[in-house]
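Peer 1: Here's a structure for you.
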Amino acid sequence: QSSADLCYTFNRFLLFTCLGLLTIISYRLSQFPPQLQRLIGVLIFLPTLNPIIYCLKTNQSKSN
């Protein structure tokens, strides 16, 4: 792997971790607007579906 790939992977991990922490904090504090809570939830939920979709596509292509 090149250093650019590692940097990209690390940045994605860092972003995902920060969004997760922000989600936890936003639900603990009532000052966060509900729209921001939903936006953060979407930003975390959608990337978690990518590995599942990739796995399903890979399994379908192997069976064909």
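We name chains A, B, ... following the order of the structure tokens; residues begin at 1 in each chain, and ligands are numbered from 1 as shown.
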For region 44-54 of chain A, find every residue with an atom within 12 Å (counting only C-alpha atoms), except residues of its own chain fewer than 4 positions away, and show them as a list in words.
Peer 2: Arg12, Phe13, Leu15, Phe16, Thr17, Cys18, Leu19, Gly20, Leu21, Leu22, Thr23, Ile24, Gln37, Arg38, Leu39, Ile40, Thr58, Asn59, Gln60 and Ser61 of chain A
Peer 1: What does the file look like for those residues with C-alpha atoms, as a PDB file, in the first residue's frame?
Peer 2:
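Generated file (result14.pdb):
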```
ATOM      1  CA  ARG A  12     -11.799   8.038   7.034  1.00  0.00           C
ATOM      2  CA  PHE A  13     -11.352   6.200  10.331  1.00  0.00           C
ATOM      3  CA  LEU A  15     -13.755  11.120  10.610  1.00  0.00           C
ATOM      4  CA  PHE A  16     -15.967   8.133  11.448  1.00  0.00           C
ATOM      5  CA  THR A  17     -14.691   8.069  15.043  1.00  0.00           C
ATOM      6  CA  CYS A  18     -15.198  11.804  15.527  1.00  0.00           C
ATOM      7  CA  LEU A  19     -18.733  11.607  14.134  1.00  0.00           C
ATOM      8  CA  GLY A  20     -19.454   8.725  16.488  1.00  0.00           C
ATOM      9  CA  LEU A  21     -18.233  10.683  19.486  1.00  0.00           C
ATOM     10  CA  LEU A  22     -20.190  13.726  18.359  1.00  0.00           C
ATOM     11  CA  THR A  23     -23.313  11.579  18.102  1.00  0.00           C
ATOM     12  CA  ILE A  24     -22.885  10.302  21.640  1.00  0.00           C
ATOM     13  CA  GLN A  37     -28.602  14.837  15.315  1.00  0.00           C
ATOM     14  CA  ARG A  38     -30.312  13.341  12.254  1.00  0.00           C
ATOM     15  CA  LEU A  39     -27.576  14.585   9.936  1.00  0.00           C
ATOM     16  CA  ILE A  40     -24.859  13.049  12.089  1.00  0.00           C
ATOM     17  CA  THR A  58     -19.254 -10.137  -4.100  1.00  0.00           C
ATOM     18  CA  ASN A  59     -21.282 -13.189  -3.121  1.00  0.00           C
ATOM     19  CA  GLN A  60     -23.620 -12.679  -6.081  1.00  0.00           C
ATOM     20  CA  SER A  61     -20.743 -12.339  -8.521  1.00  0.00           C
TER      21      SER A  61
END
```
Peer 1: Would you kindly return, as a ChimeraX atom specification, each protein, DNA or RNA residue with an atom no farther than 9 Å from any atom of Ser26 (chain A), considering only C-alpha atoms and excluding same-chain residues fewer than 6 positions away?
Peer 2: /A:32-33,36-37
Peer 1: Write a file of the just-selected residues containing C-alpha atoms, as a compact mmCIF listing (two decimals), in the first residue's frame.
Peer 2:
```txt
# COMPACT_ATOMS: atom_id res chain seq x y z
CA PHE A 32 -28.06 20.06 19.87
CA PRO A 33 -30.89 20.65 17.39
CA LEU A 36 -28.09 18.12 13.45
CA GLN A 37 -28.60 14.84 15.32
```
Peer 1: Between CA of Lys62 (chain A) and CA of Asp5 (chain A), what distance in Å does the model show, to one decimal?
Peer 2: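 If I compute the distance from CA of Lys62 (chain A) to CA of Asp5 (chain A), I get 26.7 Å.
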Peer 1: Which value, in Å to one decimal, gives the distance between CA of Thr9 (chain A) and CA of Leu43 (chain A)?
Peer 2: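 Computing it gives 16.7 Å between the two atoms.
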